[in-house]
file structure_34.csv (CSV, C-alpha atoms)
chain,number,residue,atom,x,y,z
A,146,MET,CA,230.3,183.3,-48.9
A,147,PRO,CA,231.4,179.6,-48.6
A,148,ARG,CA,233.2,180.5,-45.4
A,149,VAL,CA,230.0,182.0,-44.0
A,150,PHE,CA,228.1,178.8,-45.1
A,151,LEU,CA,230.8,176.7,-43.4
A,152,LEU,CA,230.6,178.7,-40.1
A,153,VAL,CA,226.8,178.6,-40.0
A,154,SER,CA,226.8,174.8,-40.7
A,155,ILE,CA,229.4,174.1,-38.0
A,156,LEU,CA,227.5,176.2,-35.5
A,157,TRP,CA,224.2,174.4,-36.4
A,158,THR,CA,226.0,171.0,-36.1
A,159,ALA,CA,227.4,172.0,-32.7
A,160,LEU,CA,224.0,173.0,-31.4
A,161,TRP,CA,222.4,169.7,-32.3
A,162,TRP,CA,225.4,167.8,-31.0
A,163,PHE,CA,224.8,169.5,-27.7
A,164,ILE,CA,221.1,168.7,-27.8
A,165,ALA,CA,221.7,165.1,-28.8
A,166,TRP,CA,224.1,164.5,-25.9
A,167,SER,CA,222.1,166.5,-23.4
A,168,GLN,CA,219.2,164.1,-23.7
A,169,VAL,CA,216.7,166.9,-23.3
A,170,PRO,CA,213.2,165.2,-23.6
A,171,LEU,CA,211.6,165.5,-27.1
A,172,LEU,CA,214.4,167.7,-28.6
A,173,SER,CA,217.2,165.1,-28.2
A,174,GLU,CA,214.9,162.3,-29.4
A,175,TYR,CA,214.5,164.1,-32.8
A,176,SER,CA,218.1,165.4,-33.0
A,177,PHE,CA,219.5,162.8,-35.4
A,178,PHE,CA,218.2,164.3,-38.6
A,179,PRO,CA,219.1,168.0,-37.9
A,180,LEU,CA,222.5,166.9,-36.6
A,181,TRP,CA,223.3,165.0,-39.8
A,182,ILE,CA,221.9,167.8,-42.0
A,183,GLY,CA,224.5,170.0,-40.2
A,184,TYR,CA,227.2,167.4,-41.0
A,185,ILE,CA,226.2,167.2,-44.7
A,186,PHE,CA,226.2,171.0,-45.1
A,187,SER,CA,229.5,171.3,-43.2
A,188,ILE,CA,231.3,168.8,-45.4
A,189,ASN,CA,230.0,170.4,-48.5
A,190,ALA,CA,230.9,173.9,-47.3
A,191,ALA,CA,234.4,172.7,-46.3
A,192,CYS,CA,234.8,171.3,-49.8
A,193,GLU,CA,233.8,174.6,-51.3
A,194,VAL,CA,236.2,176.5,-49.1
A,195,LEU,CA,239.1,174.1,-49.8
A,196,PHE,CA,238.5,173.2,-53.4
A,197,HIS,CA,235.8,175.5,-54.8
A,198,ASP,CA,233.7,172.5,-55.5
A,199,SER,CA,231.3,170.1,-53.7
A,200,LEU,CA,228.8,167.3,-54.3
A,201,LEU,CA,226.0,169.7,-53.4
A,202,ARG,CA,227.1,172.2,-56.1
A,203,LYS,CA,227.6,169.4,-58.8
A,204,SER,CA,224.2,167.9,-58.1
A,205,GLY,CA,222.1,171.0,-57.6
A,206,SER,CA,218.4,170.2,-56.8
A,207,ALA,CA,219.0,166.6,-57.6
A,208,PHE,CA,221.0,166.4,-54.4
A,209,LEU,CA,217.6,165.6,-52.8
A,210,LEU,CA,217.6,162.3,-54.7
A,211,PHE,CA,220.4,161.1,-52.5
A,212,PHE,CA,218.1,161.4,-49.5
A,213,VAL,CA,215.3,159.4,-51.2
A,214,THR,CA,217.7,156.7,-52.4
A,215,SER,CA,219.2,156.3,-48.9
A,216,ILE,CA,215.9,155.2,-47.3
A,217,PRO,CA,215.5,151.8,-49.0
A,218,LEU,CA,219.2,151.2,-48.8
A,219,TRP,CA,219.4,151.3,-45.1
A,220,TRP,CA,216.1,149.5,-44.6
A,221,SER,CA,217.6,146.6,-46.5
A,222,PHE,CA,220.3,146.4,-43.9
A,223,GLU,CA,217.8,146.5,-41.2
A,224,TYR,CA,216.2,143.5,-42.8
A,225,LEU,CA,219.5,141.6,-42.9
A,226,ASN,CA,220.0,142.5,-39.3
A,227,LEU,CA,216.9,140.6,-38.4
A,228,PHE,CA,219.0,137.5,-39.0
A,229,VAL,CA,222.5,138.5,-37.8
A,230,GLN,CA,221.3,140.6,-34.9
A,231,ASN,CA,224.5,142.7,-34.8
A,232,TRP,CA,223.0,146.1,-33.8
A,233,HIS,CA,220.1,147.0,-31.5
A,234,TYR,CA,218.3,150.2,-30.7
A,235,LEU,CA,217.5,151.8,-27.4
A,236,ASP,CA,214.4,154.0,-27.9
A,237,ARG,CA,210.8,154.3,-26.9
A,238,PRO,CA,208.8,154.6,-30.1
A,239,VAL,CA,205.2,155.7,-29.6
A,240,SER,CA,204.0,153.2,-32.2
A,241,GLN,CA,205.4,151.0,-35.0
A,242,LEU,CA,204.3,153.6,-37.5
A,243,HIS,CA,206.1,156.3,-35.5
A,244,PHE,CA,209.3,154.1,-35.5
A,245,VAL,CA,209.1,153.5,-39.3
A,246,LEU,CA,208.5,157.2,-40.1
A,247,GLN,CA,211.1,158.6,-37.8
A,248,SER,CA,213.7,155.9,-38.8
A,249,SER,CA,213.1,156.6,-42.5
A,250,ILE,CA,213.7,160.3,-42.0
A,251,ASP,CA,216.9,159.5,-40.1
A,252,PHE,CA,218.0,156.9,-42.6
A,253,SER,CA,217.6,159.4,-45.5
A,254,THR,CA,220.9,161.1,-44.4
A,255,VAL,CA,223.1,158.1,-44.9
A,256,ILE,CA,223.9,158.4,-48.6
A,257,PRO,CA,224.2,162.2,-48.8
A,258,ALA,CA,226.6,162.2,-45.7
A,259,ALA,CA,228.8,159.3,-47.0
A,260,LEU,CA,229.0,160.5,-50.6
A,261,SER,CA,229.5,164.2,-49.7
A,262,THR,CA,232.5,163.1,-47.6
A,263,ALA,CA,233.7,160.8,-50.4
A,264,PHE,CA,233.6,163.8,-52.8
A,265,LEU,CA,235.8,165.8,-50.4
A,266,PHE,CA,238.3,162.9,-50.1
A,267,ARG,CA,238.3,162.6,-53.9
A,268,HIS,CA,239.7,166.1,-54.2
A,269,VAL,CA,242.3,165.3,-51.4
A,270,PHE,CA,243.5,162.1,-53.1
A,271,ALA,CA,243.5,163.6,-56.6
A,272,ARG,CA,246.0,166.2,-55.4
A,273,SER,CA,248.1,163.7,-53.4
A,274,ASN,CA,248.8,161.4,-56.4
A,275,VAL,CA,249.6,158.5,-54.1
A,276,LEU,CA,247.1,155.9,-55.4
A,277,VAL,CA,248.3,152.8,-57.1
A,278,ARG,CA,247.7,152.3,-60.8
A,279,ARG,CA,247.6,148.5,-60.9
A,280,LYS,CA,245.0,147.1,-63.4
A,281,PHE,CA,242.9,144.0,-63.0
A,282,ASP,CA,241.6,141.9,-65.8
A,283,MET,CA,237.8,141.5,-65.8
A,284,ASN,CA,235.8,138.9,-67.7
A,285,SER,CA,232.3,137.4,-67.7
A,286,THR,CA,233.3,134.3,-65.8
A,287,LEU,CA,234.6,136.4,-62.9
A,288,LEU,CA,231.5,138.5,-62.9
A,289,ILE,CA,229.3,135.4,-62.7
A,290,VAL,CA,231.5,134.0,-59.9
A,291,LEU,CA,231.1,137.3,-57.9
A,292,VAL,CA,227.3,137.3,-58.3
A,293,VAL,CA,227.0,133.7,-57.3
A,294,LEU,CA,229.1,134.3,-54.2
A,295,GLY,CA,226.9,137.2,-53.4
A,296,VAL,CA,223.7,135.2,-53.8
A,297,ILE,CA,225.0,132.3,-51.7
A,298,SER,CA,226.0,134.7,-48.9
A,299,PHE,CA,222.4,135.5,-48.1
A,300,PRO,CA,221.3,132.0,-47.0
A,301,LEU,CA,224.5,131.7,-45.1
A,302,MET,CA,223.6,134.8,-43.1
A,303,VAL,CA,220.2,133.2,-42.4
A,304,PHE,CA,221.4,129.8,-41.3
A,305,PHE,CA,224.8,130.6,-39.9
A,306,PRO,CA,224.4,134.2,-38.6
A,307,ALA,CA,227.1,133.9,-35.9
A,308,GLN,CA,229.7,132.9,-38.5
A,309,ALA,CA,228.5,134.7,-41.6
A,310,PHE,CA,227.6,138.1,-40.2
A,311,PRO,CA,230.5,139.9,-42.0
A,312,LEU,CA,228.9,139.0,-45.3
A,313,VAL,CA,226.2,141.7,-44.6
A,314,TRP,CA,228.9,144.2,-45.6
A,315,VAL,CA,230.2,142.3,-48.6
A,316,ALA,CA,227.3,140.4,-50.3
A,317,PRO,CA,225.4,143.3,-51.6
A,318,PHE,CA,228.4,144.7,-53.4
A,319,LEU,CA,229.2,141.4,-55.0
A,320,ILE,CA,225.8,141.6,-56.7
A,321,LEU,CA,225.3,145.3,-57.3
A,322,ASP,CA,228.6,146.2,-58.8
A,323,PRO,CA,228.8,143.4,-61.4
A,324,ILE,CA,225.3,144.5,-62.5
A,325,ASN,CA,226.6,148.0,-63.0
A,326,TYR,CA,229.6,146.7,-64.9
A,327,ALA,CA,227.5,144.4,-67.1
A,328,PHE,CA,225.1,147.3,-68.0
A,329,LYS,CA,228.0,149.6,-68.6
A,330,PHE,CA,227.0,151.9,-65.8
A,331,PRO,CA,229.8,153.4,-63.7
A,332,SER,CA,231.3,150.6,-61.5
A,333,ILE,CA,234.0,150.0,-59.0
A,334,LEU,CA,235.1,146.9,-61.0
A,335,ARG,CA,235.6,148.9,-64.1
A,336,SER,CA,237.7,151.4,-62.1
A,337,PHE,CA,239.9,148.4,-61.0
A,338,GLU,CA,240.0,147.1,-64.5
A,339,ARG,CA,241.4,150.5,-65.7
A,340,GLY,CA,243.8,150.9,-62.9
A,341,LYS,CA,241.9,153.9,-61.6
A,342,TRP,CA,241.6,153.7,-57.8
A,343,LEU,CA,240.5,157.3,-57.1
A,344,THR,CA,236.8,156.5,-56.8
A,345,PRO,CA,237.1,153.3,-54.7
A,346,ALA,CA,239.6,154.9,-52.3
A,347,SER,CA,237.5,158.1,-51.9
A,348,VAL,CA,234.3,156.2,-51.2
A,349,MET,CA,235.9,153.7,-48.7
A,350,ILE,CA,237.9,156.3,-46.7
A,351,GLY,CA,235.1,158.9,-46.9
A,352,THR,CA,232.6,156.4,-45.5
A,353,LEU,CA,235.0,155.3,-42.8
A,354,PHE,CA,235.5,159.0,-41.8
A,355,THR,CA,231.7,159.5,-41.8
A,356,GLY,CA,231.3,156.3,-39.7
A,357,PHE,CA,233.5,157.7,-37.0
A,358,PHE,CA,231.0,160.6,-36.5
A,359,TRP,CA,228.1,158.1,-36.7
A,360,GLU,CA,229.6,156.2,-33.8
A,361,MET,CA,230.8,159.2,-31.8
A,362,TRP,CA,227.5,161.1,-31.9
A,363,ASN,CA,225.6,157.9,-31.1
A,364,PHE,CA,227.6,157.3,-27.9
A,365,TYR,CA,225.9,159.7,-25.5
A,366,SER,CA,222.7,160.1,-27.5
A,367,TYR,CA,219.2,158.7,-26.9
A,368,PRO,CA,217.7,157.0,-28.8
A,369,LYS,CA,221.0,155.2,-29.7
A,370,TRP,CA,222.2,151.8,-30.9
A,371,PHE,CA,224.7,149.3,-29.5
A,372,TYR,CA,226.3,146.2,-30.9
A,373,THR,CA,226.5,142.5,-30.1
A,374,ILE,CA,229.1,141.0,-32.5
A,375,PRO,CA,230.3,137.4,-32.2
A,376,TYR,CA,234.1,136.8,-31.8
A,377,VAL,CA,235.3,140.3,-32.5
A,378,GLY,CA,233.2,142.4,-30.0
A,379,PHE,CA,236.3,143.8,-28.2
A,380,TRP,CA,238.4,147.0,-28.1
A,381,LYS,CA,235.5,149.3,-28.5
A,382,ILE,CA,235.8,152.8,-29.8
A,383,PHE,CA,232.5,154.3,-28.7
A,384,GLU,CA,229.9,151.4,-29.1
A,385,MET,CA,231.6,150.0,-32.2
A,386,PRO,CA,234.4,147.3,-31.7
A,387,LEU,CA,237.6,148.3,-33.4
A,388,LEU,CA,237.5,145.6,-36.1
A,389,GLY,CA,233.9,146.6,-36.9
A,390,TYR,CA,235.0,149.9,-38.4
A,391,GLY,CA,236.4,147.8,-41.3
A,392,GLY,CA,232.8,147.3,-42.3
A,393,TYR,CA,232.5,150.9,-43.2
A,394,LEU,CA,235.0,150.5,-46.0
A,395,PHE,CA,232.8,147.9,-47.7
A,396,PHE,CA,229.6,149.8,-46.8
A,397,GLY,CA,231.0,152.7,-48.8
A,398,LEU,CA,231.3,150.6,-51.9
A,399,ILE,CA,227.8,149.3,-51.4
A,400,THR,CA,226.5,152.8,-51.0
A,401,TRP,CA,228.2,154.0,-54.1
A,402,SER,CA,227.2,151.0,-56.2
A,403,PHE,CA,223.5,151.1,-55.1
A,404,THR,CA,223.3,154.8,-55.8
A,405,VAL,CA,224.7,154.4,-59.3
A,406,LEU,CA,222.3,151.5,-60.1
A,407,VAL,CA,219.2,153.4,-58.8
A,408,PHE,CA,220.1,156.7,-60.6
A,409,SER,CA,221.0,154.8,-63.8
A,410,LEU,CA,217.7,152.8,-63.9
A,411,PHE,CA,215.4,155.7,-62.9
A,412,GLY,CA,216.6,158.5,-65.1
A,413,GLY,CA,219.6,159.8,-63.2
A,414,ALA,CA,222.2,159.1,-66.0
A,415,ARG,CA,222.6,162.8,-66.6
A,416,LEU,CA,223.3,163.4,-62.9
A,417,LEU,CA,226.0,160.7,-63.0
A,418,LYS,CA,227.7,162.3,-65.9
A,419,ARG,CA,227.9,165.7,-64.4
A,420,THR,CA,228.8,164.5,-60.9
A,421,ALA,CA,232.6,163.7,-60.8
A,422,LEU,CA,232.1,161.2,-58.0
A,423,PHE,CA,230.7,158.8,-60.5
A,424,SER,CA,233.5,159.0,-63.1
A,425,GLU,CA,237.3,158.8,-63.3

call {"tool": "encode", "arguments": {"input": "structure_34.csv", "output": "structure tokens"}}
result
Amino acid sequence: MPRVFLLVSILWTALWWFIAWSQVPLLSEYSFFPLWIGYIFSINAACEVLFHDSLLRKSGSAFLLFFVTSIPLWWSFEYLNLFVQNWHYLDRPVSQLHFVLQSSIDFSTVIPAALSTAFLFRHVFARSNVLVRRKFDMNSTLLIVLVVLGVISFPLMVFFPAQAFPLVWVAPFLILDPINYAFKFPSILRSFERGKWLTPASVMIGTLFTGFFWEMWNFYSYPKWFYTIPYVGFWKIFEMPLLGYGGYLFFGLITWSFTVLVFSLFGGARLLKRTALFSE
């Protein structure tokens, strides 16, 4: 059955990939969500076939919460982009309401796509046994320093956007993960403290892998986005400059930390406990 699920998911994804790049009026303009639903199901189905496990299986019906959590996460990046102006959209929205609604539906796929892929890579890395085991000492002073650096980063992005734009992909993590650590929620910092690198590596590489597909499928699609990045806007792979892919590594950490915080604060603690992605 998982193989059938995988085959159907791949065929569905291929269909919407073709529609997205064909730029057929109406259909292609609404292809992002079904295309990424296909990716999410394909990744979970591949994980089932390879490892008899998946984030979808672990989460059950609560998997839908990943979609809900994803919407405010990406809108917060859209707000930061008002200052740094690193990415821009080519589209023709009927109205502002139409843009907000369609964008929110599309943004909802970000967390389930990234974390489903991270779950797959977690199994891969767990079997490879190649991750380092070095431990880091954590203390309250270091936590405060990280949070202060995160807070300072935001006005820097506002007043010096051309120089501080990389902080978009660092500052949220510097605030979110210390909060998780302080409240004894799962955290990347606690993983580092214990010398357990499985979760950070899985999330970072999984999101980078997902980012490749975000950029590839975007390239010939319409609507689409493109980048104007100061100083490092060269050597593009699709629309994204080569060095820009490094942002996906940190975006993965933000995605994971934000999801942990939201689930922990709003009654998702049980989900965190039964989902291996959020524990070592």

call {"tool": "atom_distance", "arguments": {"input": "structure_34.csv", "atom1": "CA of Ser409 in chain A", "atom2": "CA of Pro179 in chain A"}}
result
29.1 Å

call {"tool": "closest_residue", "arguments": {"input": "structure_34.csv", "among": "A:Gln230, A:Thr286, A:Thr158, A:Ser215", "to": "Leu180 in chain A", "atoms": "only C-alpha atoms"}}
result
A:Thr158

call {"tool": "atom_distance", "arguments": {"input": "structure_34.csv", "atom1": "CA of Ile289 in chain A", "atom2": "CA of Ile333 in chain A"}}
result
15.8 Å

call {"tool": "residues_near_point", "arguments": {"input": "structure_34.csv", "point": "(222.6, 144.6, -52.1)", "cutoff": "12 Å", "atoms": "all atoms listed in the file", "output": "VMD selection string"}}
result
chain A and resid 217 to 222 224 to 225 292 295 to 296 298 to 299 312 to 324 395 to 396 398 to 404 406 to 407

call {"tool": "residues_around", "arguments": {"input": "structure_34.csv", "residues": "Asn363 in chain A", "least_positions_apart": "6", "cutoff": "12 Å", "atoms": "only C-alpha atoms", "output": "VMD selection string"}}
result
chain A and resid 162 165 to 166 168 173 to 174 176 to 177 180 to 181 234 to 235 356 to 357 369 to 372 382 to 385

call {"tool": "atom_distance", "arguments": {"input": "structure_34.csv", "atom1": "CA of Thr355 in chain A", "atom2": "CA of Asp198 in chain A"}}
result
19.0 Å

call {"tool": "closest_residue", "arguments": {"input": "structure_34.csv", "among": "A:Ser167, A:Thr262, A:Ser154, A:Ser253", "to": "Ser366 in chain A", "atoms": "only C-alpha atoms"}}
result
A:Ser167

call {"tool": "closest_residue", "arguments": {"input": "structure_34.csv", "among": "A:Leu242, A:Val229, A:Val153, A:Leu334", "to": "Thr373 in chain A", "atoms": "all atoms listed in the file"}}
result
A:Val229

call {"tool": "closest_residue", "arguments": {"input": "structure_34.csv", "among": "A:Ile297, A:Leu394, A:Leu200, A:Ala307", "to": "Ala346 in chain A", "atoms": "all atoms listed in the file"}}
result
A:Leu394

call {"tool": "closest_residue", "arguments": {"input": "structure_34.csv", "among": "A:Ser249, A:Gln241, A:Ser261, A:Ser204", "to": "Val348 in chain A", "atoms": "all atoms listed in the file"}}
result
A:Ser261

call {"tool": "residues_near_point", "arguments": {"input": "structure_34.csv", "point": "(234.8, 159.1, -54.6)", "cutoff": "6 Å", "atoms": "only C-alpha atoms", "output": "ChimeraX atom specification"}}
result
/A:263-264,267,344,347-348,422
